[in-house]
Each structure stands twice: as C-alpha cells, then as structure tokens.
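As provided, model-v7.tsv (TSV, C-alpha atoms) reads as follows.
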```tsv
chain	number	residue	atom	x	y	z
C	23	MET	CA	106.60	-23.99	88.22
C	24	SER	CA	102.89	-24.51	88.58
C	25	SER	CA	102.36	-23.42	84.97
C	26	LEU	CA	104.76	-26.16	83.85
C	27	ILE	CA	102.71	-28.72	85.78
C	28	LYS	CA	99.53	-27.45	84.14
C	29	LEU	CA	101.25	-27.62	80.76
C	30	PHE	CA	102.32	-31.19	81.47
C	31	LEU	CA	98.84	-32.28	82.55
C	32	SER	CA	97.17	-30.63	79.56
C	33	PHE	CA	99.41	-32.31	77.02
C	34	PHE	CA	99.26	-35.64	78.84
C	35	LYS	CA	95.47	-35.48	78.51
C	36	ILE	CA	95.80	-34.50	74.85
C	37	GLY	CA	98.13	-37.44	74.17
C	38	LEU	CA	95.90	-39.87	76.06
C	39	PHE	CA	92.68	-39.01	74.23
C	40	SER	CA	93.93	-38.33	70.72
C	41	PHE	CA	92.52	-41.11	68.61
C	42	GLY	CA	92.55	-40.98	64.83
C	43	GLY	CA	95.59	-38.89	63.96
C	44	GLY	CA	96.67	-35.29	64.10
C	45	TYR	CA	93.55	-33.43	62.98
C	46	ALA	CA	91.30	-35.32	65.39
C	47	MET	CA	93.26	-33.93	68.32
C	48	LEU	CA	92.78	-30.29	67.29
C	49	PRO	CA	89.44	-29.82	69.13
C	50	LEU	CA	91.02	-31.21	72.29
C	51	ILE	CA	94.11	-28.99	72.00
C	52	LYS	CA	91.82	-26.01	71.41
C	53	LYS	CA	89.73	-26.90	74.46
C	54	GLU	CA	92.74	-27.29	76.76
C	55	ILE	CA	95.05	-24.56	75.50
C	56	ILE	CA	92.66	-21.81	74.43
C	57	GLU	CA	89.39	-22.31	76.30
C	58	VAL	CA	90.55	-23.71	79.66
C	59	HIS	CA	93.89	-21.96	80.08
C	60	GLY	CA	93.74	-19.03	77.63
C	61	TRP	CA	97.38	-19.62	76.65
C	62	LEU	CA	96.92	-18.69	72.99
C	63	THR	CA	94.63	-16.76	70.66
C	64	ASN	CA	92.64	-18.60	67.97
C	65	ALA	CA	94.69	-16.97	65.19
C	66	GLU	CA	98.00	-18.03	66.76
C	67	PHE	CA	96.64	-21.56	67.10
C	68	ILE	CA	95.73	-21.75	63.40
C	69	ASP	CA	99.14	-20.39	62.39
C	70	ILE	CA	100.77	-23.09	64.47
C	71	ILE	CA	98.66	-25.76	62.72
C	72	ALA	CA	99.82	-24.42	59.34
C	73	ILE	CA	103.48	-24.46	60.41
C	74	SER	CA	103.12	-27.97	61.86
C	75	GLU	CA	101.69	-29.09	58.55
C	76	MET	CA	104.66	-27.75	56.60
C	77	THR	CA	107.39	-29.22	58.79
C	78	PRO	CA	108.38	-32.86	59.15
C	79	GLY	CA	106.93	-35.05	61.88
C	80	PRO	CA	103.55	-35.79	63.44
C	81	ILE	CA	101.33	-32.74	63.95
C	82	ALA	CA	100.82	-33.70	67.63
C	83	ILE	CA	104.55	-33.46	68.37
C	84	ASN	CA	104.99	-30.30	66.33
C	85	SER	CA	102.13	-28.46	67.95
C	86	ALA	CA	103.11	-29.62	71.45
C	87	THR	CA	106.67	-28.35	70.95
C	88	PHE	CA	105.47	-25.08	69.44
C	89	LEU	CA	102.80	-24.39	72.05
C	90	GLY	CA	105.12	-25.36	74.91
C	91	TYR	CA	107.70	-22.89	73.63
C	92	ARG	CA	105.08	-20.18	73.26
C	93	ILE	CA	103.81	-20.72	76.80
C	94	SER	CA	107.02	-21.33	78.80
C	95	GLY	CA	110.08	-21.13	76.50
C	96	ILE	CA	112.45	-24.03	75.86
C	97	LEU	CA	111.65	-25.76	79.15
C	98	GLY	CA	107.96	-25.54	78.23
C	99	SER	CA	108.59	-27.17	74.86
C	100	VAL	CA	110.49	-30.04	76.49
C	101	VAL	CA	107.73	-30.56	79.09
C	102	SER	CA	104.83	-30.51	76.61
C	103	THR	CA	106.60	-32.78	74.10
C	104	ILE	CA	107.38	-35.39	76.75
C	105	ALA	CA	103.84	-35.10	78.15
C	106	VAL	CA	102.17	-35.68	74.78
C	107	VAL	CA	104.29	-38.78	74.07
C	108	LEU	CA	104.14	-40.34	77.55
C	109	PRO	CA	100.62	-41.85	77.20
C	110	SER	CA	101.71	-43.50	73.92
C	111	PHE	CA	104.72	-44.90	75.68
C	112	ILE	CA	102.74	-46.31	78.59
C	113	ILE	CA	100.02	-47.78	76.38
C	114	MET	CA	102.44	-49.30	73.87
C	115	SER	CA	104.40	-50.83	76.77
C	116	LEU	CA	101.23	-52.42	78.12
C	117	ILE	CA	100.22	-53.69	74.68
C	118	PHE	CA	103.68	-55.09	74.00
C	119	HIS	CA	103.66	-57.05	77.24
C	120	PHE	CA	100.03	-58.21	77.11
C	121	VAL	CA	99.45	-58.28	73.37
C	122	ASN	CA	97.74	-61.69	73.19
C	123	LYS	CA	95.06	-60.72	75.65
C	124	PHE	CA	94.26	-57.66	73.58
C	125	LYS	CA	93.99	-59.61	70.37
C	126	ASP	CA	91.51	-62.07	71.82
C	127	SER	CA	89.24	-59.45	73.33
C	128	PRO	CA	86.26	-58.24	71.30
C	129	TYR	CA	85.95	-55.23	73.60
C	130	SER	CA	88.68	-53.19	71.95
C	131	ASP	CA	87.15	-53.89	68.54
C	132	TRP	CA	83.73	-52.76	69.78
C	133	PHE	CA	85.26	-49.68	71.40
C	134	PHE	CA	86.95	-48.59	68.17
C	135	ARG	CA	83.87	-49.23	66.05
C	136	GLY	CA	82.10	-46.75	68.30
C	137	ILE	CA	84.71	-44.03	68.25
C	138	ARG	CA	85.38	-44.00	64.49
C	139	PRO	CA	82.25	-41.96	63.65
C	140	ILE	CA	83.00	-39.66	66.61
C	141	VAL	CA	86.52	-39.05	65.30
C	142	LEU	CA	85.10	-38.02	61.92
C	143	GLY	CA	82.85	-35.55	63.73
C	144	LEU	CA	85.82	-34.24	65.73
C	145	ILE	CA	87.83	-33.53	62.60
C	146	ALA	CA	84.86	-31.83	60.94
C	147	SER	CA	84.42	-29.66	64.02
C	148	ALA	CA	88.09	-28.64	63.77
C	149	ALA	CA	87.41	-27.41	60.22
C	150	VAL	CA	84.38	-25.42	61.42
C	151	SER	CA	86.19	-23.83	64.33
C	152	VAL	CA	89.21	-22.85	62.22
C	153	ALA	CA	86.82	-21.43	59.60
C	154	MET	CA	85.21	-19.16	62.19
C	155	ASP	CA	88.50	-17.34	62.60
C	156	ALA	CA	89.95	-17.79	59.13
C	157	PHE	CA	86.97	-16.40	57.23
C	158	VAL	CA	87.42	-12.65	57.40
C	159	ASP	CA	85.71	-11.82	54.07
C	160	ILE	CA	84.55	-13.41	50.80
C	161	LYS	CA	88.15	-13.62	49.52
C	162	SER	CA	89.15	-15.97	52.33
C	163	VAL	CA	86.15	-18.22	51.57
C	164	LEU	CA	87.28	-18.36	47.95
C	165	ILE	CA	90.82	-19.30	49.02
C	166	THR	CA	89.35	-22.20	51.04
C	167	LEU	CA	87.25	-23.44	48.13
C	168	GLY	CA	90.14	-23.20	45.65
C	169	ILE	CA	92.64	-24.96	47.92
C	170	PHE	CA	90.06	-27.63	48.86
C	171	TYR	CA	89.53	-28.38	45.16
C	172	ILE	CA	93.20	-28.66	44.17
C	173	VAL	CA	94.19	-30.63	47.26
C	174	THR	CA	91.26	-33.08	47.17
C	175	PHE	CA	90.75	-33.65	43.47
C	176	LYS	CA	94.08	-32.67	41.89
C	177	ARG	CA	96.11	-34.25	44.73
C	178	LEU	CA	98.33	-31.17	45.07
C	179	ASN	CA	101.12	-31.43	47.64
C	180	LEU	CA	100.03	-29.85	50.94
C	181	ILE	CA	103.14	-27.72	51.37
C	182	ILE	CA	102.74	-26.21	47.90
C	183	ALA	CA	99.07	-25.52	48.67
C	184	ILE	CA	100.02	-23.62	51.84
C	185	ILE	CA	102.70	-21.64	49.98
C	186	ILE	CA	100.18	-20.70	47.26
C	187	ALA	CA	97.71	-19.55	49.94
C	188	GLY	CA	100.42	-17.45	51.60
C	189	ILE	CA	101.21	-15.75	48.30
C	190	MET	CA	97.49	-15.08	47.76
C	191	GLY	CA	97.41	-13.51	51.21
C	192	VAL	CA	100.15	-11.04	50.25
C	193	ILE	CA	98.46	-10.22	46.92
C	194	PHE	CA	94.86	-9.87	48.20
C	195	TYR	CA	95.36	-8.17	51.56
L	22	MET	CA	122.40	-51.70	67.07
L	23	LEU	CA	120.75	-49.09	69.30
L	24	PHE	CA	122.63	-46.32	67.51
L	25	ASN	CA	121.62	-47.74	64.15
L	26	MET	CA	117.96	-47.83	65.28
L	27	PHE	CA	118.20	-44.24	66.48
L	28	ILE	CA	119.64	-43.02	63.17
L	29	THR	CA	117.00	-44.90	61.16
L	30	PHE	CA	114.07	-43.39	63.05
L	31	PHE	CA	115.74	-39.99	63.14
L	32	LYS	CA	115.89	-40.08	59.34
L	33	VAL	CA	112.24	-41.08	59.15
L	34	GLY	CA	111.29	-38.27	61.52
L	35	ALA	CA	113.39	-35.70	59.69
L	36	PHE	CA	112.21	-36.36	56.15
L	37	THR	CA	108.49	-37.11	56.31
L	38	ILE	CA	106.32	-34.09	55.87
L	39	GLY	CA	102.55	-34.33	56.13
L	40	GLY	CA	101.91	-35.94	59.47
L	41	GLY	CA	102.21	-39.36	61.03
L	42	TYR	CA	100.47	-41.37	58.33
L	43	ALA	CA	103.02	-40.23	55.73
L	44	MET	CA	105.70	-41.84	57.89
L	45	ILE	CA	104.27	-45.38	57.75
L	46	PRO	CA	105.43	-46.34	54.22
L	47	ILE	CA	108.86	-44.84	54.90
L	48	ILE	CA	109.26	-46.75	58.17
L	49	GLN	CA	108.18	-49.88	56.29
L	50	ARG	CA	110.79	-49.38	53.58
L	51	GLU	CA	113.57	-48.85	56.12
L	52	ILE	CA	112.66	-51.47	58.72
L	53	VAL	CA	111.08	-54.28	56.72
L	54	GLU	CA	112.56	-54.04	53.24
L	55	LYS	CA	116.04	-52.59	53.70
L	56	LYS	CA	117.12	-53.61	57.20
L	57	LYS	CA	114.85	-56.70	57.50
L	58	TRP	CA	114.53	-56.12	61.24
L	59	ILE	CA	110.89	-57.25	61.27
L	60	GLU	CA	108.72	-59.52	59.11
L	61	GLU	CA	106.01	-57.95	56.95
L	62	ASP	CA	103.14	-59.65	58.87
L	63	GLU	CA	104.41	-58.51	62.20
L	64	PHE	CA	104.82	-54.98	60.88
L	65	LEU	CA	101.21	-54.91	59.66
L	66	ASP	CA	100.02	-56.01	63.12
L	67	ALA	CA	102.10	-53.23	64.65
L	68	ILE	CA	100.48	-50.68	62.29
L	69	ALA	CA	97.00	-51.87	63.29
L	70	VAL	CA	97.80	-51.55	66.99
L	71	SER	CA	99.41	-48.12	66.48
L	72	GLN	CA	96.41	-46.79	64.60
L	73	GLY	CA	93.95	-48.14	67.13
L	74	SER	CA	95.72	-46.61	70.13
L	75	PRO	CA	95.73	-43.00	71.24
L	76	GLY	CA	98.71	-40.83	70.30
L	77	PRO	CA	100.58	-40.12	67.08
L	78	VAL	CA	100.63	-43.26	64.93
L	79	ALA	CA	104.30	-42.87	63.91
L	80	VAL	CA	105.36	-42.52	67.53
L	81	ASN	CA	103.33	-45.57	68.58
L	82	LEU	CA	104.80	-47.59	65.74
L	83	SER	CA	108.38	-46.62	66.57
L	84	ILE	CA	107.86	-47.57	70.22
L	85	LEU	CA	106.49	-51.01	69.26
L	86	VAL	CA	109.29	-51.68	66.79
L	87	GLY	CA	111.82	-50.56	69.40
L	88	TYR	CA	110.38	-52.96	72.02
L	89	ARG	CA	110.41	-55.80	69.53
L	90	LEU	CA	114.07	-55.23	68.64
L	91	LYS	CA	115.71	-54.30	71.95
L	92	GLY	CA	113.14	-54.12	74.77
L	93	LEU	CA	112.62	-50.97	76.79
L	94	LYS	CA	115.94	-49.44	75.74
L	95	GLY	CA	115.02	-49.98	72.11
L	96	ALA	CA	111.59	-48.43	72.61
L	97	LEU	CA	113.09	-45.32	74.20
L	98	THR	CA	115.72	-45.06	71.47
L	99	CYS	CA	113.28	-45.36	68.55
L	100	CYS	CA	110.76	-43.00	70.16
L	101	LEU	CA	113.45	-40.38	70.75
L	102	GLY	CA	114.72	-40.80	67.18
L	103	THR	CA	111.23	-40.19	65.79
L	104	ILE	CA	110.39	-37.09	67.79
L	105	LEU	CA	113.78	-35.38	67.99
L	106	PRO	CA	113.82	-33.98	64.41
L	107	SER	CA	110.32	-32.44	64.79
L	108	PHE	CA	111.28	-31.08	68.16
L	109	LEU	CA	114.49	-29.41	66.95
L	110	ILE	CA	113.00	-28.01	63.74
L	111	ILE	CA	109.94	-26.59	65.51
L	112	LEU	CA	112.07	-25.09	68.28
L	113	LEU	CA	114.15	-23.33	65.63
L	114	ILE	CA	111.06	-22.03	63.84
L	115	ALA	CA	109.33	-21.01	67.08
L	116	THR	CA	112.24	-18.85	68.22
L	117	VAL	CA	112.12	-16.96	64.91
L	118	PHE	CA	108.35	-16.99	64.40
L	119	PHE	CA	107.37	-14.96	67.44
L	120	GLN	CA	109.82	-12.21	66.44
L	121	PHE	CA	108.44	-11.85	62.92
L	122	ARG	CA	104.80	-12.50	63.61
L	123	ASN	CA	103.83	-8.83	63.74
L	124	ASN	CA	105.65	-7.92	60.55
L	125	PRO	CA	102.92	-6.65	58.14
L	126	ILE	CA	103.94	-8.95	55.27
L	127	VAL	CA	104.09	-12.03	57.52
L	128	GLU	CA	100.66	-11.06	58.83
L	129	ARG	CA	99.26	-10.98	55.26
L	130	VAL	CA	100.86	-14.33	54.47
L	131	PHE	CA	99.07	-15.87	57.44
L	132	ILE	CA	95.73	-14.24	56.59
L	133	GLY	CA	96.02	-16.14	53.30
L	134	ILE	CA	97.19	-19.37	54.92
L	135	ARG	CA	94.41	-19.63	57.53
L	136	PRO	CA	91.65	-20.36	54.97
L	137	ALA	CA	93.99	-22.97	53.44
L	138	VAL	CA	94.11	-24.73	56.82
L	139	VAL	CA	90.29	-24.96	56.70
L	140	ALA	CA	90.59	-26.51	53.23
L	141	LEU	CA	93.20	-29.06	54.33
L	142	ILE	CA	91.11	-30.24	57.28
L	143	ALA	CA	87.92	-30.30	55.18
L	144	SER	CA	89.75	-32.34	52.57
L	145	ALA	CA	90.79	-34.85	55.24
L	146	VAL	CA	87.13	-35.10	56.35
L	147	TYR	CA	85.99	-35.69	52.77
L	148	GLN	CA	88.57	-38.42	52.14
L	149	LEU	CA	87.95	-40.12	55.49
L	150	ALA	CA	84.19	-40.12	54.96
L	151	LYS	CA	84.68	-41.62	51.50
L	152	LYS	CA	87.04	-44.34	52.74
L	153	SER	CA	85.13	-45.19	55.92
L	154	LYS	CA	82.10	-46.84	54.24
L	155	PHE	CA	79.92	-45.95	57.23
L	156	ASP	CA	76.27	-46.91	57.20
L	157	TYR	CA	73.55	-44.31	57.61
L	158	ASN	CA	73.50	-44.54	61.45
L	159	LYS	CA	77.21	-43.92	61.78
L	160	TYR	CA	77.02	-40.76	59.68
L	161	ILE	CA	74.27	-39.53	61.97
L	162	ILE	CA	76.60	-40.12	64.94
L	163	SER	CA	79.35	-38.17	63.14
L	164	ILE	CA	77.02	-35.26	62.44
L	165	ALA	CA	75.68	-35.30	66.00
L	166	ALA	CA	79.25	-35.22	67.36
L	167	LEU	CA	80.04	-32.31	65.04
L	168	LEU	CA	76.98	-30.31	66.13
L	169	ILE	CA	77.56	-30.98	69.83
L	170	LEU	CA	81.16	-29.80	69.57
L	171	VAL	CA	80.28	-26.69	67.57
L	172	PHE	CA	77.29	-25.56	69.64
L	173	PHE	CA	77.94	-26.85	73.15
L	174	ASN	CA	80.89	-26.37	75.41
L	175	ILE	CA	81.66	-30.07	75.87
L	176	SER	CA	85.09	-31.65	75.97
L	177	PRO	CA	85.82	-34.06	73.09
L	178	ILE	CA	87.07	-36.50	75.74
L	179	TYR	CA	83.48	-37.16	76.87
L	180	LEU	CA	82.30	-37.77	73.32
L	181	ILE	CA	85.04	-40.33	72.75
L	182	LEU	CA	84.26	-42.11	76.02
L	183	ILE	CA	80.51	-42.08	75.37
L	184	GLY	CA	81.02	-43.34	71.81
L	185	GLY	CA	83.42	-46.11	72.85
L	186	ILE	CA	81.54	-47.31	75.91
L	187	GLY	CA	78.15	-46.96	74.21
L	188	SER	CA	79.41	-49.07	71.35
L	189	ILE	CA	80.71	-51.78	73.70
L	190	LEU	CA	77.30	-51.96	75.41
L	191	TYR	CA	75.51	-52.03	72.05
L	192	TYR	CA	77.60	-54.82	70.54
L	193	LYS	CA	77.65	-56.79	73.80
L	194	GLY	CA	73.85	-56.69	73.87
L	195	LYS	CA	73.72	-57.76	70.24
L	196	ASP	CA	76.24	-60.53	70.90
L	197	LYS	CA	74.15	-61.83	73.80
L	198	SER	CA	70.85	-61.77	71.94
L	199	SER	CA	72.37	-63.60	68.97
L	200	LYS	CA	73.59	-66.35	71.31
L	201	ASP	CA	70.22	-66.78	73.02
```
Output the structure of this file as structure tokens.
Amino acid sequence: MSSLIKLFLSFFKIGLFSFGGGYAMLPLIKKEIIEVHGWLTNAEFIDIIAISEMTPGPIAINSATFLGYRISGILGSVVSTIAVVLPSFIIMSLIFHFVNKFKDSPYSDWFFRGIRPIVLGLIASAAVSVAMDAFVDIKSVLITLGIFYIVTFKRLNLIIAIIIAGIMGVIFY
Amino acid sequence: MLFNMFITFFKVGAFTIGGGYAMIPIIQREIVEKKKWIEEDEFLDAIAVSQGSPGPVAVNLSILVGYRLKGLKGALTCCLGTILPSFLIILLIATVFFQFRNNPIVERVFIGIRPAVVALIASAVYQLAKKSKFDYNKYIISIAALLILVFFNISPIYLILIGGIGSILYYKGKDKSSKD
C-alpha cells in the first residue's frame, strides 16, 4: 500500500512540474523513478521511452501507465496514470473558472518567458542522459547520427526511424 | 452529447502517434471544423492555455474543451476519452513486454533503438532551438540549465521554479524602472 502512495505522489509531482511537453518531463521522471526510488534501470527507462514514442497518445500518459505497471501491476498503472493527469485537471479547472484574471495578469507571461530557456535545457539534458546509457560503442554513436540526420532534415516518420534502428540493432549486435 | 464527446476524444487519443502536439491539429479538425462545437478563436486561446500549463498539452486541451461544452462532467468525459486509448494500449504492451524483454533478439532490437531515442530527443532540441528565436542571454540560461542537470544532482523542479520566479522579478523590476 505504501508503495502505491509513493507512486501516486511521484507521478503527481511529475504531472505538476512538466512544462513544455513530453521530452521536457523525462529528467523529472528519471529523478523520481530511478534516482529517488530505484524502481527501474536506466536501460528499461529508455526502452519505455521508445515504446511510448511508437504508440498513440501523449508520452507522459504512456510512460506513467507503463512505469506504474512495471512497479505495481495493473493497480500501479491505474494509480500512476490518474496521478499524472490530476494536476492538469485541477489547474485547468482553476483556469476555466478564473480565466479572465489570468489573461490580465502579466505575471504568468513573465513566468513562462523565464522557464522557456530552462525547458530547452531540460530536454537537452534528457538527450545527454539517455546517450550515457545508449552509447555502448562506436556503432551506437553512428546509429544516433544517422537517425538524427534523417529525422531532422529528411523529416522521416518517427516510428519508421525507430523500426530502422531496431533492425540495425539485430544486424550489428 | 457526453457519449459523442467521449467517442470523439477517444478517436483522437487512439489514432495520434507522436505525442501530444501531434494531437492538436486532429482535435481541431474534429471539434472546430467537423462538429463545430467551438469557434476557431476560442480554440486557439485554449491551445495557448494548454501549452502554457503543466501537464500533457492534449490532456489539458481536452479538459478545457470538455468544461466549455458540458462543465465538470464534460471535462471528465473528454479527459477520460483522451487517455483511455493510451492506457489500454500500453497496458497490453506492458504485459507482453516484460515477458519477452530477455529474449536475445528483443535485446538486440533495443540496443539498436536506444541510440535512436537519443537522436529523436536531440532532433527535438534542434528544432525547438531554431523555432524559439532566443537571444544570446536565453541560450546561456539553456546551456547553464543543461550543465547543472548533467553535472549536479539537482531536481529539475528547482530549476523551473528559479527560472520562473527569477524571470518575474526581472521583468517586474524592468517594468517599474520604465514607469519611473
């Protein structure tokens, strides 16, 4: 029971402080799930990111469901999914009821101007921390460079990119 | 109406791959163009609020649209519709995944996929940096945040709070001095 409460609190925190989309929340998930609680290994975490990327829906929901299941089975997945969405629900409720006050206030605009550069740094740090576990030899670095090029400049579909990388894994290793 | 809203958001949740941002144009097509539940202007405001708030943008957006259409019941319905497909699909995959994870071929597939995850995140950084049109100072803040996270054991929560509150103080000071 107490592990379910910890799971709930962790994902509530993750939902509450995830600004800037799915990738920006990865450092926070890593902090809570791997470093604080030791619920997962780094490699498992990266695999879950890849699977979340290939399946429909927001990465935050996908990874909460997946991690919850890994940690405490079906009940865990229900708890972590509800916990990650609850802050959104509370905040959207407040905004819906007090929306005019928010619009008139410069404070929220100032706040977001300040966190935008931080969010970029957060996402970059997610790339670095995944790289530390993903780079096992020169071949894996080459896979990263190749996939980066075709995804960024040739606009290749992300799912196809992941499938190609998986096939390269079977061939090279 | 509630059932109709649920089905609409369930469809959006079930068929958009590639994260929350990919869902926005599809929600727009369903809600604004096809069903005409909300005016275009109002929808754009809702997107801005959803992006600026914590949490998945598609979930935030579905909650706001739900409130607008049917109050609290509508918000719960739309939110559930959006997350249920992800939840069910991931649960299905998770039950299978942990049985096959130690299979040698699956292991090799994931050794190949992990570097691709680095590439996908790096690509998002590149595109965001290009779109953001930050000035020199803001890039320094980004790089400082990156270095702090990589080299020090600090929670990202503190960085976000420091960045947000610091920025409020900075702009408030600027606002004051320009009025004097």
| remark: Students should find that CA of Pro106 (chain L) and CA of Ala35 (chain L) are spaced 5.0 Å
| Distance query Val86 (chain L) at most 9 Å, only C-alpha atoms, self and fewer than 2 positions along chain excluded, as a list in words | Ile52, Trp58, Ile59, Phe64, Ala67, Asn81, Leu82, Ser83, Ile84, Tyr88, Arg89, Leu90, Lys91, Gly95, Ala96 and Cys99 of chain L
| Straight-line distance linking CA of Ile83 (chain C) with CA of Thr29 (chain L), stated in Å to one decimal |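 Spanning CA of Ile83 (chain C) to CA of Thr29 (chain L) is a straight-line distance of 18.4 Å.
Neighbouring residues of Pro80 (chain C) at 10 Å or closer, counting all atoms listed in the file and skipping chain neighbours under 2 positions away, are Gly43, Gly44, Ser74, Glu75, Thr77, Pro78, Ala82, Ile83, Asn84 and Ser85 of chain C; Gly34, Thr37, Ile38, Gly39, Gly40, Gly41, Tyr42, Ala43, Met44, Gly76, Pro77, Val78, Ala79, Val80, Thr103, Ile104 and Ser107 of chain L.
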Give me a file of those residues, with C-alpha atoms, as a PDB file, keeping the file's coordinate frame.
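Ended up saving to result_15.pdb:
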```pdb
ATOM      1  CA  GLY C  43      95.590 -38.890  63.960  1.00  0.00           C
ATOM      2  CA  GLY C  44      96.670 -35.290  64.100  1.00  0.00           C
ATOM      3  CA  SER C  74     103.120 -27.970  61.860  1.00  0.00           C
ATOM      4  CA  GLU C  75     101.690 -29.090  58.550  1.00  0.00           C
ATOM      5  CA  THR C  77     107.390 -29.220  58.790  1.00  0.00           C
ATOM      6  CA  PRO C  78     108.380 -32.860  59.150  1.00  0.00           C
ATOM      7  CA  ALA C  82     100.820 -33.700  67.630  1.00  0.00           C
ATOM      8  CA  ILE C  83     104.550 -33.460  68.370  1.00  0.00           C
ATOM      9  CA  ASN C  84     104.990 -30.300  66.330  1.00  0.00           C
ATOM     10  CA  SER C  85     102.130 -28.460  67.950  1.00  0.00           C
TER      11      SER C  85
ATOM     12  CA  GLY L  34     111.290 -38.270  61.520  1.00  0.00           C
ATOM     13  CA  THR L  37     108.490 -37.110  56.310  1.00  0.00           C
ATOM     14  CA  ILE L  38     106.320 -34.090  55.870  1.00  0.00           C
ATOM     15  CA  GLY L  39     102.550 -34.330  56.130  1.00  0.00           C
ATOM     16  CA  GLY L  40     101.910 -35.940  59.470  1.00  0.00           C
ATOM     17  CA  GLY L  41     102.210 -39.360  61.030  1.00  0.00           C
ATOM     18  CA  TYR L  42     100.470 -41.370  58.330  1.00  0.00           C
ATOM     19  CA  ALA L  43     103.020 -40.230  55.730  1.00  0.00           C
ATOM     20  CA  MET L  44     105.700 -41.840  57.890  1.00  0.00           C
ATOM     21  CA  GLY L  76      98.710 -40.830  70.300  1.00  0.00           C
ATOM     22  CA  PRO L  77     100.580 -40.120  67.080  1.00  0.00           C
ATOM     23  CA  VAL L  78     100.630 -43.260  64.930  1.00  0.00           C
ATOM     24  CA  ALA L  79     104.300 -42.870  63.910  1.00  0.00           C
ATOM     25  CA  VAL L  80     105.360 -42.520  67.530  1.00  0.00           C
ATOM     26  CA  THR L 103     111.230 -40.190  65.790  1.00  0.00           C
ATOM     27  CA  ILE L 104     110.390 -37.090  67.790  1.00  0.00           C
ATOM     28  CA  SER L 107     110.320 -32.440  64.790  1.00  0.00           C
TER      29      SER L 107
END
```
| message | Given the point (101.9, -25.1, 62.7) in the file's coordinates, find the residues that have an atom at most 10 Å from it, counting all atoms listed in the file, and give them as a ChimeraX atom specification. | response | /C:66-77,81-82,84-86,88-89 /L:111,114-115,138
| Residue with smallest distance to Phe39 (chain C) - pool L:Asn158, L:Ser163, L:Gln49, L:Ser176, counting only C-alpha atoms |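 With only C-alpha atoms as the atom set, the closest residue is L:Ser176.
Across C:Ser32, C:Thr63, C:Thr166, C:Ser24, the tightest approach to chain L is made by C:Thr166 when counting all atoms listed in the file.
With all atoms listed in the file as the atoms that count, the residue of L:Leu170, L:Leu97, L:Thr116, L:Ile181 with the shortest distance to Leu38 (chain C) is L:Ile181.
Using only C-alpha atoms for every distance, the candidate list L:Ile183, L:Leu141, L:Leu168, L:Ser153 yields L:Leu141 as the residue closest to Ile169 (chain C).
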| task | Could you pull out every residue with an atom within 10 Å of (87.0, -39.1, 74.5), file coordinates, counting all atoms listed in the file, and send them as a VMD selection string? | result | (chain C and resid 36 38 to 41 50 137 140 to 141) or (chain L and resid 176 to 186)
| What is the CA of Ala143 (chain L)-CA of Val150 (chain C) distance in Å, reported with one decimal? | 8.7 Å
| request: Please provide as a VMD selection string all residues within 12 Å of Asp62 (chain L), with the sequence filter that same-chain residues fewer than 6 positions apart are discarded (counting all atoms listed in the file). | output: chain L and resid 49 53 68 to 69
| said: Counting all atoms listed in the file, which residue out of C:Tyr195, C:Phe30, C:Trp61, C:Phe175 sits closest to chain L? | reply: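 Among C:Tyr195, C:Phe30, C:Trp61, C:Phe175, it is C:Tyr195 that comes nearest to chain L.
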| request: Determine the nearest neighbour of chain C from the options L:Glu128, L:Ala166, L:Lys94, L:Ile47, counting only C-alpha atoms. | output: L:Ala166
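The neighbours of Phe170 (chain C) here are the residues that come within 12 Å of it, using all atoms listed in the file and leaving out any residue fewer than 4 positions away in the same chain; they are Ala149, Val163, Leu164, Ile165, Thr166, Thr174, Phe175, Lys176, Arg177, Leu178, Asn179, Leu180, Ala183, Ile184 and Ala187 of chain C; Pro136, Ala137, Val138, Val139, Ala140, Leu141, Ile142, Ala143, Ser144, Ala145, Val146, Tyr147 and Gln148 of chain L.
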